[in-house]
Amino acid sequence: MTPAPLDLLVLGSGVAGLSAAVRAAGTHGLRTGVITKGGLDLATTRWAQGGVAAALSGNVEEIDLHLADTLAAGAGLCDFDAVRVLVDEGPRRVEELIALGAEFDRDERGNLELAREGGHSVARVVHAGGAATGAEIERALVAAVRRTAAVLHEHTFALDLMIEDGCCVGVQAIDPNGQVTQVRARNVLLATGGAGQLFAITTNPSVATGDGVAMALRAGVAIADLEFFQFHPTALYHPGIPRPLLSEALRGHGALLRDSSGERFVDEMLPRDVVSRAILAEMLEQQTDHVWLDATGLDHFAERFPTIYSDLVASGLDPMTDWLPVAPAAHHQCGGIVTDLFGATSMPGLWAAGETACSGVHGANRLASNSLLEGMVFGPRAIESIASGAFGPSATGAMRSVLGFAESDDPTLSILGVALPLPQTSTAEETSPADVTGTPVTNPHAASSSVTPQSLKRGLQQAMSTDAGVQRSAETLHRAALVITQVMADLAPMDPQEVAVAEVQNLAQIAQTLVAAALARTESRGTHSRLDYPGLDPAQAHRLVVGS
Ligand code: SIN
């Protein structure tokens, strides 16, 4: 007998997915399942350092300042209403997390300690274990979800959405025994995180392959803002992936950036897109592969930042005496599946939250420590909406880019969408290098005889880092497009139900959309920096939307 569909199936077990699952199964008693491709606690959330930004005093002016900082970082592309929701509801969600058992750092009087990070005009970031905030939040949420009746499918890889009559009705997945199975649900929430694995150097773990966004792309669901991929300025220059992060909180406490001659070259507290570009410019000018973070002036480093300290000691560095080598690393996908203010996507029955979603809160560049916050605000919002019987999107938030909206005099509400023409998928043979760049290009894959999903992933990551990373141009993007086409052609004969193959296919499809969007956006804005279009173009203050 086929089991009755669940009320809700959550894909992903980071902060967005687990806060949603706890709300659905615990608060509302919905029949809830969670699918995650690793163990429950193996989500990118666990690697998040700095913390959660929220105006905890509840003071209206402080909340409005958080709103203003978020809009400023977003370089004109934030959805005002979505940011309003984020900053207004954030403090309550932090309190709920504390009630669930999350322990944030406190001073000797028991008050929450607040840190300041780049782009924030005041200290408002709560943190745990110094810079182990994600790990503490993940711990608390995993424990909370295990206390509910939610059915947990760990080590299960979601392959594709099941769609009937234009509505999402579940997913096809590979179970831990390698068998393809179907899980039916009235509502599916995609909370599968981002796609940091698109790039060779990233702070994201190996699970960050953008599976939810790729599934939505294949299903024709509206996606936007993928050209905005944030690079964290200060990842430790180190061979390991994920790259150990030297949290922005270090700069918030006074750590300084220095070039190879020891000079400062940027205001360390500027938003991270600006700092990343300044570091890259310095590296190019001085022909080095890193700059230095000088934290020697910080008091009590080991006590304040124990996890960072132990990473440094393991690398043979003493932050009290050594300058620390740092370079930018891919960190956060600002765009994703377009949602309304309640997490609904353009497909009825399909919801999205957290890094997977384009809720409009980040625009062209995310403000530091707003990502955990986004997950804990918009995951539960989707559940409230599902519990109230909603089904299908409303023309609110970033969804206005897809559905349109009533005329408004407020320019911050006028971020409409423009359809993004996707390149035709063609085989490598059909795509001549001279066709796309005008100059001959050698593709390292073309000659390869022993192609594996792993080698394809490495080639894709290298091309994306070199040609579609912190800075791009039409020429470099066309070069990346060529490699992506070849990767797709090489994947075609492989078994799409093998997880390693499916992950690379997901990355390649996202890479294709990201590159198309980056080519179409002929300006520089936020994290999207074009060498051939260095200025911001006010006429391009809209989202590029693929799907409908
Ligand atoms: C950091 O600690 O620097 C990262 C925090 C974030 O990504 O918001």
# chains A, B, ... in the order shown; residues from 1 in each chain; ligands from 1
>>> residues_around(residues="segment 503-516 of chain A", least_positions_apart="2", cutoff="8 Å", atoms="only C-alpha atoms", output="PyMOL selection string")
chain A and resi 195+197-198+209-211+213-215+217+226-227+420-423+453+456-457+460+464+468+477+480-481+484+487-488+491+499-501+518-520
>>> write_last_selection(atoms="N, CA and C atoms", output="tab-separated table (two decimals), in the first residue's frame")
chain	number	residue	atom	x	y	z
A	195	ALA	N	25.75	26.70	-3.14
A	195	ALA	CA	26.57	25.92	-4.08
A	195	ALA	C	28.02	26.41	-4.06
A	197	GLN	N	30.50	24.80	-3.67
A	197	GLN	CA	31.39	23.85	-4.35
A	197	GLN	C	31.52	24.15	-5.85
A	198	LEU	N	30.85	25.19	-6.32
A	198	LEU	CA	31.08	25.65	-7.70
A	198	LEU	C	32.51	26.12	-7.88
A	209	THR	N	26.40	21.59	-2.89
A	209	THR	CA	26.39	21.45	-4.35
A	209	THR	C	25.09	21.97	-4.97
A	210	GLY	N	24.35	22.79	-4.24
A	210	GLY	CA	23.21	23.49	-4.83
A	210	GLY	C	22.10	22.58	-5.33
A	211	ASP	N	21.89	21.43	-4.68
A	211	ASP	CA	20.96	20.44	-5.22
A	211	ASP	C	19.53	20.98	-5.37
A	213	VAL	N	18.46	24.14	-5.76
A	213	VAL	CA	18.34	25.13	-6.84
A	213	VAL	C	18.36	24.41	-8.19
A	214	ALA	N	19.22	23.40	-8.33
A	214	ALA	CA	19.31	22.68	-9.61
A	214	ALA	C	18.01	21.93	-9.89
A	215	MET	N	17.42	21.32	-8.87
A	215	MET	CA	16.14	20.62	-9.07
A	215	MET	C	15.07	21.61	-9.54
A	217	LEU	N	15.61	24.47	-11.06
A	217	LEU	CA	15.94	24.89	-12.43
A	217	LEU	C	15.38	23.90	-13.44
A	226	LEU	N	21.53	34.68	-9.30
A	226	LEU	CA	22.65	33.74	-9.14
A	226	LEU	C	24.00	34.38	-9.46
A	227	GLU	N	23.99	35.49	-10.20
A	227	GLU	CA	25.28	36.14	-10.52
A	227	GLU	C	25.93	36.75	-9.29
A	420	LEU	N	15.87	36.14	-18.14
A	420	LEU	CA	17.26	35.87	-18.48
A	420	LEU	C	17.29	34.85	-19.61
A	421	PRO	N	17.83	35.21	-20.78
A	421	PRO	CA	17.92	34.20	-21.84
A	421	PRO	C	19.01	33.19	-21.49
A	422	LEU	N	18.64	31.93	-21.39
A	422	LEU	CA	19.64	30.91	-21.09
A	422	LEU	C	20.27	30.42	-22.38
A	423	PRO	N	21.59	30.15	-22.36
A	423	PRO	CA	22.20	29.62	-23.58
A	423	PRO	C	21.60	28.26	-23.92
A	453	PRO	N	33.44	11.78	-12.51
A	453	PRO	CA	32.70	12.91	-11.93
A	453	PRO	C	33.63	13.81	-11.12
A	456	LEU	N	35.68	15.98	-13.43
A	456	LEU	CA	34.83	17.02	-14.03
A	456	LEU	C	34.55	18.12	-13.02
A	457	LYS	N	34.32	17.71	-11.78
A	457	LYS	CA	34.04	18.71	-10.74
A	457	LYS	C	35.25	19.63	-10.55
A	460	LEU	N	35.49	22.04	-13.45
A	460	LEU	CA	34.44	23.06	-13.35
A	460	LEU	C	34.81	24.10	-12.29
A	464	MET	N	35.44	28.06	-12.87
A	464	MET	CA	34.57	29.04	-12.22
A	464	MET	C	35.40	30.00	-11.36
A	468	ALA	N	34.94	33.11	-13.41
A	468	ALA	CA	33.61	33.63	-13.02
A	468	ALA	C	33.59	33.95	-11.53
A	477	LEU	N	34.05	35.01	-18.91
A	477	LEU	CA	32.78	34.28	-18.74
A	477	LEU	C	32.54	33.34	-19.92
A	480	ALA	N	34.55	30.32	-19.31
A	480	ALA	CA	33.91	29.43	-18.32
A	480	ALA	C	32.76	28.68	-18.98
A	481	ALA	N	31.99	29.39	-19.82
A	481	ALA	CA	30.83	28.75	-20.47
A	481	ALA	C	31.27	27.56	-21.31
A	484	ILE	N	31.91	24.65	-19.02
A	484	ILE	CA	30.64	24.11	-18.50
A	484	ILE	C	29.98	23.23	-19.57
A	487	VAL	N	31.76	19.99	-19.69
A	487	VAL	CA	31.45	19.17	-18.51
A	487	VAL	C	30.08	18.50	-18.69
A	488	MET	N	29.11	19.27	-19.18
A	488	MET	CA	27.77	18.70	-19.37
A	488	MET	C	27.80	17.58	-20.42
A	491	LEU	N	29.29	14.54	-18.90
A	491	LEU	CA	28.42	13.90	-17.91
A	491	LEU	C	27.31	13.09	-18.59
A	499	VAL	N	25.21	9.37	-7.09
A	499	VAL	CA	25.20	10.66	-6.38
A	499	VAL	C	26.31	11.58	-6.88
A	500	ALA	N	27.51	11.04	-7.07
A	500	ALA	CA	28.63	11.91	-7.49
A	500	ALA	C	28.33	12.54	-8.85
A	501	VAL	N	27.68	11.79	-9.73
A	501	VAL	CA	27.33	12.34	-11.05
A	501	VAL	C	26.24	13.40	-10.90
A	518	ALA	N	25.66	36.47	-15.30
A	518	ALA	CA	26.81	37.37	-15.17
A	518	ALA	C	27.14	38.03	-16.50
A	519	LEU	N	26.91	37.31	-17.60
A	519	LEU	CA	27.12	37.90	-18.92
A	519	LEU	C	26.06	38.96	-19.22
A	520	ALA	N	24.83	38.64	-18.82
A	520	ALA	CA	23.72	39.55	-19.13
A	520	ALA	C	23.79	40.82	-18.28
>>> residues_near_ligand(ligand="ligand 1", cutoff="6 Å", atoms="only C-alpha atoms and all ligand atoms", output="ChimeraX atom specification")
/A:49-50,247-249,368-371
>>> write_last_selection(atoms="C-alpha atoms", output="PDB file, in the first residue's frame")
ATOM      1  CA  GLN A  49      31.274  31.374  12.342  1.00  0.00           C
ATOM      2  CA  GLY A  50      30.484  35.022  13.081  1.00  0.00           C
ATOM      3  CA  SER A 247      35.792  35.354  10.971  1.00  0.00           C
ATOM      4  CA  GLU A 248      34.882  38.918  10.242  1.00  0.00           C
ATOM      5  CA  ALA A 249      34.538  39.205  14.016  1.00  0.00           C
ATOM      6  CA  ALA A 368      27.594  39.722   7.390  1.00  0.00           C
ATOM      7  CA  SER A 369      25.715  37.461   9.826  1.00  0.00           C
ATOM      8  CA  ASN A 370      22.372  37.888   8.056  1.00  0.00           C
ATOM      9  CA  SER A 371      22.417  34.342   6.636  1.00  0.00           C
TER      10      SER A 371
END
>>> select_by_dssp(residues="segment 343-423 of chain A", states="strand (DSSP E)", output="list in words")
Leu350, Trp351, Ala352, Ala357, Cys358, Gly417, Val418 and Ala419 of chain A
>>> residues_around(residues="segment 147-156 of chain A", least_positions_apart="6", cutoff="8 Å", atoms="only C-alpha atoms", output="ChimeraX atom specification")
/A:21-22,25-26,31-40,173-176
>>> write_last_selection(atoms="N, CA and C atoms", output="short mmCIF file (atom, residue, chain, number, x, y, z; two decimals), in the first residue's frame")
data_model
loop_
_atom_site.label_atom_id
_atom_site.label_comp_id
_atom_site.auth_asym_id
_atom_site.auth_seq_id
_atom_site.Cartn_x
_atom_site.Cartn_y
_atom_site.Cartn_z
N ALA A 21 11.37 22.43 10.27
CA ALA A 21 10.88 21.10 10.69
C ALA A 21 10.40 21.13 12.13
N VAL A 22 11.16 21.83 12.99
CA VAL A 22 10.76 21.90 14.41
C VAL A 22 9.41 22.62 14.52
N ALA A 25 6.62 20.11 12.83
CA ALA A 25 6.29 18.87 13.56
C ALA A 25 5.99 19.17 15.03
N GLY A 26 6.76 20.13 15.61
CA GLY A 26 6.59 20.42 17.03
C GLY A 26 5.39 21.32 17.30
N ARG A 31 2.48 16.30 9.78
CA ARG A 31 3.24 15.07 9.49
C ARG A 31 4.41 15.48 8.60
N THR A 32 5.59 15.43 9.21
CA THR A 32 6.76 16.06 8.59
C THR A 32 7.86 15.04 8.35
N GLY A 33 8.49 15.12 7.20
CA GLY A 33 9.69 14.32 6.93
C GLY A 33 10.85 15.26 6.63
N VAL A 34 12.06 14.79 6.92
CA VAL A 34 13.27 15.56 6.57
C VAL A 34 14.19 14.64 5.78
N ILE A 35 14.60 15.10 4.61
CA ILE A 35 15.59 14.37 3.82
C ILE A 35 16.89 15.17 3.84
N THR A 36 17.98 14.48 4.15
CA THR A 36 19.27 15.17 4.10
C THR A 36 20.31 14.19 3.56
N LYS A 37 21.25 14.70 2.77
CA LYS A 37 22.11 13.74 2.07
C LYS A 37 23.25 13.21 2.91
N GLY A 38 23.53 13.84 4.05
CA GLY A 38 24.53 13.31 4.96
C GLY A 38 23.85 12.96 6.28
N GLY A 39 24.63 13.07 7.38
CA GLY A 39 24.00 12.98 8.69
C GLY A 39 23.25 14.28 8.94
N LEU A 40 22.36 14.26 9.92
CA LEU A 40 21.50 15.42 10.16
C LEU A 40 22.30 16.70 10.43
N ALA A 173 14.19 10.15 -4.71
CA ALA A 173 15.45 10.23 -3.97
C ALA A 173 16.18 8.89 -4.04
N ILE A 174 17.46 8.93 -3.72
CA ILE A 174 18.24 7.69 -3.62
C ILE A 174 18.40 7.40 -2.13
N ASP A 175 17.91 6.25 -1.70
CA ASP A 175 17.96 5.94 -0.26
C ASP A 175 19.36 5.45 0.13
N PRO A 176 19.60 5.23 1.43
CA PRO A 176 20.96 4.85 1.85
C PRO A 176 21.45 3.55 1.23
#
>>> closest_residue(among="A:Leu30, A:Leu536, A:Pro496, A:Gly110", to="Val180 of chain A", atoms="only C-alpha atoms")
A:Pro496
>>> select_by_dssp(residues="segment 34-248 of chain A", states="helix (DSSP H, G or I)", output="ChimeraX atom specification")
/A:44-47,60-73,80-100,133-146,196-198,211-218,248
>>> closest_residue(among="A:Glu138, A:Asp273, A:Asp318, A:Asp105", to="Val125 of chain A", atoms="only C-alpha atoms")
A:Asp105
>>> residues_around(residues="segment 94-100 of chain A", least_positions_apart="2", cutoff="10 Å", atoms="only C-alpha atoms", output="JSON, numbers by chain")
{"A": [19, 22, 52, 53, 54, 56, 89, 90, 91, 92, 102, 103, 104, 126, 137, 140, 141, 143, 144, 373, 376, 377]}
>>> closest_residue(among="A:Ala395, A:Val546, A:Ala492, A:Ala75", to="Val221 of chain A", atoms="only C-alpha atoms")
A:Val546
>>> residues_around(residues="Ala327 of chain A", least_positions_apart="4", cutoff="7 Å", atoms="only C-alpha atoms", output="short mmCIF file (atom, residue, chain, number, x, y, z; two decimals) with N, CA, C and O atoms, in the first residue's frame")
data_model
loop_
_atom_site.label_atom_id
_atom_site.label_comp_id
_atom_site.auth_asym_id
_atom_site.auth_seq_id
_atom_site.Cartn_x
_atom_site.Cartn_y
_atom_site.Cartn_z
N PRO A 233 36.26 37.74 2.45
CA PRO A 233 37.61 38.29 2.24
C PRO A 233 38.72 37.54 2.96
O PRO A 233 39.84 37.47 2.46
N THR A 234 38.42 36.98 4.13
CA THR A 234 39.53 36.51 4.96
C THR A 234 39.42 35.03 5.31
O THR A 234 39.24 34.65 6.46
N ALA A 235 39.54 34.20 4.27
CA ALA A 235 39.72 32.76 4.54
C ALA A 235 41.21 32.53 4.71
O ALA A 235 42.03 33.16 4.02
N LEU A 236 41.55 31.64 5.62
CA LEU A 236 42.98 31.35 5.84
C LEU A 236 43.57 30.78 4.56
O LEU A 236 42.98 29.91 3.92
N TYR A 237 44.73 31.27 4.15
CA TYR A 237 45.41 30.76 2.96
C TYR A 237 46.03 29.42 3.36
O TYR A 237 46.96 29.36 4.16
N HIS A 290 48.16 35.94 -1.49
CA HIS A 290 47.46 36.23 -0.24
C HIS A 290 47.90 37.60 0.28
O HIS A 290 48.88 38.16 -0.21
N VAL A 291 47.13 38.11 1.23
CA VAL A 291 47.59 39.27 1.99
C VAL A 291 47.66 38.82 3.45
O VAL A 291 47.57 37.63 3.73
#
>>> residues_around(residues="Arg84 of chain A", least_positions_apart="5", cutoff="12 Å", atoms="only C-alpha atoms", output="mmCIF file with all heavy atoms, in the first residue's frame")
data_model
loop_
_atom_site.group_PDB
_atom_site.id
_atom_site.type_symbol
_atom_site.label_atom_id
_atom_site.label_comp_id
_atom_site.auth_asym_id
_atom_site.auth_seq_id
_atom_site.Cartn_x
_atom_site.Cartn_y
_atom_site.Cartn_z
ATOM 1 N N VAL A 60 13.070 50.423 18.203
ATOM 2 C CA VAL A 60 12.695 50.619 16.796
ATOM 3 C C VAL A 60 13.827 51.243 15.991
ATOM 4 O O VAL A 60 14.094 50.854 14.846
ATOM 5 C CB VAL A 60 11.420 51.500 16.716
ATOM 6 C CG1 VAL A 60 11.103 51.863 15.275
ATOM 7 C CG2 VAL A 60 10.249 50.775 17.347
ATOM 8 N N ILE A 63 16.376 48.630 15.190
ATOM 9 C CA ILE A 63 15.884 47.726 14.137
ATOM 10 C C ILE A 63 15.994 48.412 12.777
ATOM 11 O O ILE A 63 16.437 47.811 11.791
ATOM 12 C CB ILE A 63 14.426 47.298 14.437
ATOM 13 C CG1 ILE A 63 14.393 46.419 15.682
ATOM 14 C CG2 ILE A 63 13.814 46.562 13.251
ATOM 15 C CD1 ILE A 63 13.015 46.039 16.154
ATOM 16 N N ASP A 64 15.630 49.684 12.741
ATOM 17 C CA ASP A 64 15.699 50.417 11.468
ATOM 18 C C ASP A 64 17.141 50.585 10.986
ATOM 19 O O ASP A 64 17.403 50.617 9.781
ATOM 20 C CB ASP A 64 15.030 51.791 11.598
ATOM 21 C CG ASP A 64 13.514 51.662 11.601
ATOM 22 O OD1 ASP A 64 13.014 50.551 11.330
ATOM 23 O OD2 ASP A 64 12.831 52.666 11.889
ATOM 24 N N LEU A 65 18.063 50.669 11.932
ATOM 25 C CA LEU A 65 19.477 50.770 11.555
ATOM 26 C C LEU A 65 19.949 49.451 10.930
ATOM 27 O O LEU A 65 20.714 49.436 9.963
ATOM 28 C CB LEU A 65 20.290 51.089 12.805
ATOM 29 C CG LEU A 65 21.638 51.762 12.629
ATOM 30 C CD1 LEU A 65 21.532 53.000 11.759
ATOM 31 C CD2 LEU A 65 22.217 52.120 13.995
ATOM 32 N N HIS A 66 19.475 48.346 11.473
ATOM 33 C CA HIS A 66 19.798 47.036 10.895
ATOM 34 C C HIS A 66 19.227 46.963 9.470
ATOM 35 O O HIS A 66 19.881 46.494 8.538
ATOM 36 C CB HIS A 66 19.225 45.914 11.777
ATOM 37 C CG HIS A 66 19.651 44.529 11.355
ATOM 38 N ND1 HIS A 66 19.079 43.396 11.865
ATOM 39 C CD2 HIS A 66 20.565 44.094 10.448
ATOM 40 C CE1 HIS A 66 19.633 42.333 11.297
ATOM 41 N NE2 HIS A 66 20.530 42.731 10.440
ATOM 42 N N LEU A 67 18.015 47.458 9.311
ATOM 43 C CA LEU A 67 17.391 47.502 7.989
ATOM 44 C C LEU A 67 18.251 48.335 7.032
ATOM 45 O O LEU A 67 18.561 47.909 5.910
ATOM 46 C CB LEU A 67 15.986 48.089 8.103
ATOM 47 C CG LEU A 67 15.204 48.228 6.804
ATOM 48 C CD1 LEU A 67 13.855 47.507 6.923
ATOM 49 C CD2 LEU A 67 14.923 49.672 6.467
ATOM 50 N N ALA A 68 18.669 49.516 7.488
ATOM 51 C CA ALA A 68 19.443 50.418 6.616
ATOM 52 C C ALA A 68 20.785 49.785 6.238
ATOM 53 O O ALA A 68 21.214 49.863 5.080
ATOM 54 C CB ALA A 68 19.659 51.758 7.323
ATOM 55 N N ASP A 69 21.456 49.133 7.183
ATOM 56 C CA ASP A 69 22.750 48.498 6.887
ATOM 57 C C ASP A 69 22.568 47.368 5.868
ATOM 58 O O ASP A 69 23.400 47.174 4.978
ATOM 59 C CB ASP A 69 23.380 47.930 8.168
ATOM 60 C CG ASP A 69 23.904 49.025 9.091
ATOM 61 O OD1 ASP A 69 23.980 50.198 8.656
ATOM 62 O OD2 ASP A 69 24.230 48.716 10.255
ATOM 63 N N THR A 70 21.474 46.610 6.027
ATOM 64 C CA THR A 70 21.224 45.490 5.110
ATOM 65 C C THR A 70 20.959 46.007 3.697
ATOM 66 O O THR A 70 21.496 45.478 2.715
ATOM 67 C CB THR A 70 20.018 44.660 5.615
ATOM 68 O OG1 THR A 70 20.314 44.195 6.936
ATOM 69 C CG2 THR A 70 19.732 43.465 4.712
ATOM 70 N N LEU A 71 20.151 47.055 3.597
ATOM 71 C CA LEU A 71 19.853 47.639 2.285
ATOM 72 C C LEU A 71 21.118 48.219 1.653
ATOM 73 O O LEU A 71 21.348 48.069 0.447
ATOM 74 C CB LEU A 71 18.794 48.746 2.406
ATOM 75 C CG LEU A 71 17.392 48.320 2.845
ATOM 76 C CD1 LEU A 71 16.503 49.549 3.026
ATOM 77 C CD2 LEU A 71 16.755 47.354 1.848
ATOM 78 N N CYS A 78 18.088 44.781 -2.762
ATOM 79 C CA CYS A 78 17.301 44.106 -1.720
ATOM 80 C C CYS A 78 15.818 44.394 -1.943
ATOM 81 O O CYS A 78 15.453 45.469 -2.421
ATOM 82 C CB CYS A 78 17.666 44.634 -0.332
ATOM 83 S SG CYS A 78 19.311 44.208 0.212
ATOM 84 N N ASP A 79 14.980 43.460 -1.552
ATOM 85 C CA ASP A 79 13.548 43.741 -1.508
ATOM 86 C C ASP A 79 13.253 44.353 -0.139
ATOM 87 O O ASP A 79 13.475 43.711 0.899
ATOM 88 C CB ASP A 79 12.749 42.447 -1.699
ATOM 89 C CG ASP A 79 11.272 42.754 -1.682
ATOM 90 O OD1 ASP A 79 10.740 43.068 -2.752
ATOM 91 O OD2 ASP A 79 10.665 42.736 -0.585
ATOM 92 N N GLU A 89 11.426 40.386 12.595
ATOM 93 C CA GLU A 89 11.150 39.080 13.224
ATOM 94 C C GLU A 89 12.403 38.420 13.790
ATOM 95 O O GLU A 89 12.313 37.489 14.589
ATOM 96 C CB GLU A 89 10.482 38.146 12.197
ATOM 97 C CG GLU A 89 9.112 38.668 11.778
ATOM 98 C CD GLU A 89 8.335 37.696 10.891
ATOM 99 O OE1 GLU A 89 8.774 36.555 10.680
ATOM 100 O OE2 GLU A 89 7.260 38.130 10.402
ATOM 101 N N GLY A 90 13.579 38.912 13.355
ATOM 102 C CA GLY A 90 14.830 38.291 13.776
ATOM 103 C C GLY A 90 14.982 38.158 15.291
ATOM 104 O O GLY A 90 15.284 37.066 15.795
ATOM 105 N N LEU A 341 7.061 36.614 0.385
ATOM 106 C CA LEU A 341 7.436 36.902 1.786
ATOM 107 C C LEU A 341 7.162 35.722 2.706
ATOM 108 O O LEU A 341 7.536 35.738 3.874
ATOM 109 C CB LEU A 341 6.670 38.129 2.292
ATOM 110 C CG LEU A 341 7.096 39.475 1.710
ATOM 111 C CD1 LEU A 341 6.230 40.601 2.288
ATOM 112 C CD2 LEU A 341 8.573 39.750 1.996
ATOM 113 N N SER A 359 14.976 35.284 -1.383
ATOM 114 C CA SER A 359 13.858 35.945 -0.695
ATOM 115 C C SER A 359 13.919 37.449 -0.917
ATOM 116 O O SER A 359 12.969 38.159 -0.600
ATOM 117 C CB SER A 359 13.933 35.653 0.811
ATOM 118 O OG SER A 359 15.103 36.255 1.347
ATOM 119 N N GLY A 360 15.064 37.924 -1.407
ATOM 120 C CA GLY A 360 15.231 39.363 -1.631
ATOM 121 C C GLY A 360 15.944 40.058 -0.478
ATOM 122 O O GLY A 360 16.191 41.258 -0.551
ATOM 123 N N VAL A 361 16.308 39.329 0.570
ATOM 124 C CA VAL A 361 16.922 40.021 1.719
ATOM 125 C C VAL A 361 18.381 40.399 1.469
ATOM 126 O O VAL A 361 18.901 41.300 2.109
ATOM 127 C CB VAL A 361 16.825 39.224 3.050
ATOM 128 C CG1 VAL A 361 15.392 39.048 3.469
ATOM 129 C CG2 VAL A 361 17.546 37.901 2.970
ATOM 130 N N HIS A 362 19.050 39.708 0.550
ATOM 131 C CA HIS A 362 20.477 39.999 0.363
ATOM 132 C C HIS A 362 20.767 40.907 -0.831
ATOM 133 O O HIS A 362 21.831 41.520 -0.881
ATOM 134 C CB HIS A 362 21.272 38.703 0.189
ATOM 135 C CG HIS A 362 21.051 37.727 1.293
ATOM 136 N ND1 HIS A 362 21.123 38.078 2.617
ATOM 137 C CD2 HIS A 362 20.735 36.406 1.271
ATOM 138 C CE1 HIS A 362 20.877 37.020 3.363
ATOM 139 N NE2 HIS A 362 20.623 36.000 2.571
ATOM 140 N N GLU A 374 18.421 34.745 8.200
ATOM 141 C CA GLU A 374 17.444 34.517 7.128
ATOM 142 C C GLU A 374 16.812 33.128 7.268
ATOM 143 O O GLU A 374 15.595 32.966 7.165
ATOM 144 C CB GLU A 374 18.119 34.628 5.753
ATOM 145 C CG GLU A 374 17.124 34.412 4.612
ATOM 146 C CD GLU A 374 17.780 34.246 3.241
ATOM 147 O OE1 GLU A 374 18.971 33.883 3.172
ATOM 148 O OE2 GLU A 374 17.079 34.452 2.245
ATOM 149 N N VAL A 377 14.365 32.947 10.182
ATOM 150 C CA VAL A 377 13.147 33.746 10.012
ATOM 151 C C VAL A 377 12.247 33.141 8.929
ATOM 152 O O VAL A 377 11.052 32.916 9.148
ATOM 153 C CB VAL A 377 13.491 35.217 9.658
ATOM 154 C CG1 VAL A 377 12.251 35.965 9.168
ATOM 155 C CG2 VAL A 377 14.086 35.925 10.875
ATOM 156 N N GLY A 397 7.273 40.521 -1.780
ATOM 157 C CA GLY A 397 8.712 40.272 -1.681
ATOM 158 C C GLY A 397 9.338 40.107 -3.057
ATOM 159 O O GLY A 397 8.918 40.712 -4.042
ATOM 160 N N THR A 412 12.240 51.781 -3.548
ATOM 161 C CA THR A 412 12.799 50.545 -2.993
ATOM 162 C C THR A 412 11.876 49.358 -3.224
ATOM 163 O O THR A 412 12.255 48.222 -2.987
ATOM 164 C CB THR A 412 13.064 50.683 -1.477
ATOM 165 O OG1 THR A 412 11.831 51.048 -0.858
ATOM 166 C CG2 THR A 412 14.117 51.705 -1.179
ATOM 167 N N LEU A 413 10.663 49.615 -3.681
ATOM 168 C CA LEU A 413 9.747 48.509 -3.958
ATOM 169 C C LEU A 413 9.698 48.162 -5.444
ATOM 170 O O LEU A 413 8.941 47.318 -5.869
ATOM 171 C CB LEU A 413 8.329 48.869 -3.500
ATOM 172 C CG LEU A 413 8.119 49.000 -2.007
ATOM 173 C CD1 LEU A 413 6.662 49.354 -1.725
ATOM 174 C CD2 LEU A 413 8.473 47.719 -1.286
#
>>> closest_residue(among="A:Ala132, A:Leu159, A:Ala517, A:Leu8", to="Gly29 of chain A", atoms="only C-alpha atoms")
A:Leu8
